[in-house]
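Down below is the structure, laid out as C-alpha cells.
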Amino acid sequence: MPKIDEEEIKRVYIQADLLYSEAEVEQAINKLAALVTEDMADKTPVVFPVLNGGLVVGGKLLTKLNFPLEAGYLHATRYRNTTSGHSLEWLMKPQIDVKGRAVLIVDDIFDEGITLTEIVNYCHAEGASEVKVAVLVHKNHNRTPTATPALQADFIGLEIEDRYVFGYGMDYKGYWRNAPGIFAVRERE
Ligand SMILES: O=P(O)(O)OC[C@H]1O[C@H](OP(=O)(O)OP(=O)(O)O)[C@H](O)[C@@H]1O
Ligand code: HPA
C-alpha cells in the first residue's frame with residue numbers, strides 16, 4: 001500500500017473551489033427525495049446505494065423516502081481511489097433478490113456512466129421489473145465512450161462542470177468523502 005501524502009490531501013482541500021455549499025446539497029437531496037417519491041412510492045422498491053460513494057447520499061435520501069421499501073447496498077468500484085476510471089470490479093453484488101421488483105440505485109455521481117450502466121444491466125439480467133437511477137451529481141461532458149449505451153439517470157440532484165470533484169461521498173484519492181459540500185479540485189497553474 002503506497003504511503004499517502006497527507007500534505008497533498010490537505011492542500012487539495014484548501015485550494016479546491018466550492019461548487020455547492022452544504023445547504024445547497026441538502027436542498028438537492030430534498031429535491032431527489034421528492035422526485036423519487038412521486039415516481040416510486042407505490043412500487044415497494046428495493047433501494048441499493050452503491051458503495052463507497054453512494055453511502056452519504058444513500059443514507060440521507062433513505063430517511064426522506066416515507067413509504068414502504070427494502071434497503072440493501074451493493075459495492076462496485078471503477079476508479080479504485082484514483083482520479084481516472086478502469087473496468088468495473090464488483091466487491092458485493094446485491095444480496096436482496098430483485099426478481100420482479102422495482103429497483104432504485106443511488107449513487108454520488110454519474111460521470112462517464114459506465115458504473116451505473118453495468119449495475120442497471122445486472123439488475124435487469126436478474127429479473128428486476130424496472131430499474132431507476134438517482135444520482136446526487138451529474139457531470140456534463142462529451143467524453144462518454146461510444147461503446148457505452150446511452151444510460152440516463154432518472155433523478156438528478158445537481159449538475160456540475162467537467163472537473164474532478166469530492167465531498168458528500170465523492171473522494172479524492174480515497175479522502176474527503178466527508179467534505180461538507182461539493183468541491184472541485186483546482187487544476188495546476
Ligand atoms: O460514471 P463513472 O465514470 O462510471 O463513475 C462514477 C462512479 O465512480 C465512483 O465510484 P468509484 O469507482 O470511484 O468507487 P467508490 O464509490 O468507492 O469511490 C462513483 O461513486 C460512481 O460509482
Ligand atoms: O469527479 C469525480 N469525483 C469523485 N469520484 C468520481 N468518480 C467519477 N468521477 C468522479
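Ligands are numbered from 1 in the order shown, residues from 1 within each chain, and chains are lettered A, B, ... in the order they appear in the C-alpha cells.
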request  = Residues up to 9 Å from ligand 2, counting only C-alpha atoms and all ligand atoms: could you list those as number ranges by chain?
outcome  = A: 53, 78-79, 81-85, 108-113, 115, 139, 162-167, 169-173, 177, 184-185
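Residues in contact with Gly100 (chain A) at 12 Å, where only C-alpha atoms are counted and same-chain residues fewer than 2 positions away are skipped, are listed as Lys43, Thr44, Pro45, Val46, Ile96, Asp97, Val98, Ala102, Val103, Cys123, His124, Ala125, Glu126, Gly127, Ala128, Ser129, Glu130 and Val131 of chain A.
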query = Using the chain letters and numbers from this document, which residues of region 49-134 of chain A does DSSP assign to helix (DSSP H, G or I), as number ranges by chain?
reply = A: 55-62, 114-125
Output C-alpha atoms for every residue in that selection, as a PDB file, in the first residue's frame.
```
ATOM      1  CA  LEU A  55     -23.017   5.945   1.195  1.00  0.00           C
ATOM      2  CA  VAL A  56     -23.698   9.569   2.161  1.00  0.00           C
ATOM      3  CA  VAL A  57     -26.447  10.435  -0.326  1.00  0.00           C
ATOM      4  CA  GLY A  58     -27.953   6.949   0.072  1.00  0.00           C
ATOM      5  CA  GLY A  59     -28.248   7.328   3.839  1.00  0.00           C
ATOM      6  CA  LYS A  60     -29.571  10.872   3.674  1.00  0.00           C
ATOM      7  CA  LEU A  61     -32.066  10.028   0.947  1.00  0.00           C
ATOM      8  CA  LEU A  62     -33.442   6.913   2.655  1.00  0.00           C
ATOM      9  CA  ILE A 114     -20.061   3.104 -17.076  1.00  0.00           C
ATOM     10  CA  THR A 115     -20.552   2.102 -13.433  1.00  0.00           C
ATOM     11  CA  LEU A 116     -24.301   2.699 -13.437  1.00  0.00           C
ATOM     12  CA  THR A 117     -24.791   1.136 -16.869  1.00  0.00           C
ATOM     13  CA  GLU A 118     -23.241  -2.116 -15.662  1.00  0.00           C
ATOM     14  CA  ILE A 119     -25.231  -2.092 -12.422  1.00  0.00           C
ATOM     15  CA  VAL A 120     -28.522  -1.382 -14.200  1.00  0.00           C
ATOM     16  CA  ASN A 121     -27.803  -4.135 -16.755  1.00  0.00           C
ATOM     17  CA  TYR A 122     -27.031  -6.549 -13.905  1.00  0.00           C
ATOM     18  CA  CYS A 123     -30.354  -5.811 -12.172  1.00  0.00           C
ATOM     19  CA  HIS A 124     -32.277  -6.272 -15.421  1.00  0.00           C
ATOM     20  CA  ALA A 125     -30.466  -9.564 -16.045  1.00  0.00           C
TER      21      ALA A 125
END
```
message = Between A:Gln95, A:Gln27, A:Gln152, A:Thr37, which residue has the minimum interatomic distance to ligand 1, considering only C-alpha atoms and all ligand atoms?
response = A:Gln152
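Proximity ranking of A:Leu136, A:Arg188, A:Gly174, A:Glu161 relative to Glu24 (chain A) places A:Leu136 first, based on only C-alpha atoms.
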query = Contacts of Lys132 (chain A) at 7 Å or less, counting only C-alpha atoms, minus same-chain residues fewer than 5 places along, as a PyMOL selection string?
reply = chain A and resi 103-105+154
task = For Val25 (chain A), list every protein, DNA or RNA residue within 10 Å, evaluated using only C-alpha atoms, and leave out those in the same chain fewer than 5 positions away; present the list as a PyMOL selection string.
result = chain A and resi 19-20+30-31+57+136-137+157-158+168+180-182
